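What follows is a short report on a single structure.
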Amino acid sequence: MRGLRLTLAALAAGLLLAQPARAGLFEDDEARKALLELRAKVQANEDLANKRAAEVNSLVQDQIQPLRRSVLDLNAQIDMLRSEIAKLRGANEQLARDLADTQRKLTDQSQSVDARLKPLEPQKVSLDGREFQVAPDERNQYEAAIGLVRRGDFTEAVAALNAFLKRYPASGYTDSVRFWLGNAQYGKRDYKDAIATFRAFIAANGDHPRAAEALLALGNCQVELKDNKAARRSFEEVVKAYPGTEAAQAAKERLATLR
């Protein structure tokens, strides 16, 4: 606006200079009046321009202010979201640690349970050329009873072996238990019981690796009962049914001593 005012002033001055001859014709008050009118127009234009600029500025401010508030609100929301994200990230990390701890504890507990259950699991046993599964308690009771036989505690051995047969009637150890029961009865001098046990064993297990020994022991029990006739038949059966075995050789020697 200042530039416009200077331009108009220069223009007025130029007109006055351009017509020096006619300047004299105007009276001073008319020139002053024209100058004042020109100044008033310049001022009016300047005021109008300022008013419009103010209106535009007000309008711009009215439009910018909500935008500023919106931007501030968005920034606040963004900060809040960042805070929530940080909390969630921390919570997720804690959950991951808790999960890892839980998995480690479960693994430790599983291994502990496996270690406790392992002694209770069935075990494969190979005995007298046969393989079968037995429970740990079953195996322990069998080995304890056989230990009594080997130590010569025949009375206790007979009781332990009979208890085993009662508790585990279908055990894979049954044949072996009956064989050793007969031997324990023989050692205890219960010859009649031993004969019954050996006969039952041989009848059920004629092909058992210890069948020859059981038949030989049967003959020995008959000898102890002075039944040499029955003993001879038993020894002869050993030689015939199980030739080439140590039991057959022992049976031949016993036959040689019988009258």
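Chain labels run A, B, ... following the order of the structure tokens; each chain numbers its residues from 1, and ligands are numbered from 1 in the order shown.
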*Using DSSP on the backbone coordinates, identify the residues of region 41-206 of chain A assigned to strand (DSSP E); present them as JSON, numbers by chain.*
{"A": [123, 124, 125, 126, 127, 130, 131, 132, 133, 134]}
*Find the residues near Ala144 (chain A): any atom within 12 Å, counting only C-alpha atoms, skip ones fewer than 6 places away on the same chain, and give them as a PyMOL selection string.*
chain A and resi 137-138+150-151+153+156-161+163-164+177
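What separates CA of Gln43 (chain A) from CA of Ser58 (chain A) is a distance of 21.9 Å.
Proximity to Asp128 (chain A) at 12 Å, evaluated using only C-alpha atoms and with sequence-adjacent residues fewer than 3 positions away removed, yields Val125, Glu131, Phe132, Gly172, Tyr173, Thr174, Asp175, Ser176, Val177, Phe179, Asn205, Asp207, His208, Pro209, Arg210 and Ala211 of chain A.
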_My list of candidates is A:Leu99, A:Ala196, A:Ala54, A:Ala203. Which is closest to Leu218 (chain A) when distances are computed with only C-alpha atoms?_
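Selected residue with least distance to Leu218 (chain A): A:Ala196.
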*What gap, in Å, lies between CA of Glu143 (chain A) and CA of Asn162 (chain A)?*
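Atom-to-atom, CA of Glu143 (chain A) and CA of Asn162 (chain A) are spaced 13.7 Å apart.
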*Hey, what does DSSP flag as helix (DSSP H, G or I) within region 33-255 of chain A? Can you give it to me as a PyMOL selection string?*
chain A and resi 33-120+136-151+154-167+174-187+191-204+211-224+228-241+246-255
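With only C-alpha atoms as the atoms that count, the minimum distance from Ala145 (chain A) to the choices A:Val223, A:Leu255, A:Leu181, A:Pro122 is reached by A:Leu181.
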*Do a neighbour search on Val238 (chain A) at 9 Å with only C-alpha atoms, toss out local chain neighbours closer than 3 positions, and write the hits as a PyMOL selection string.*
chain A and resi 212-213+215-216+233-235+241-243+245+247-249+251-252
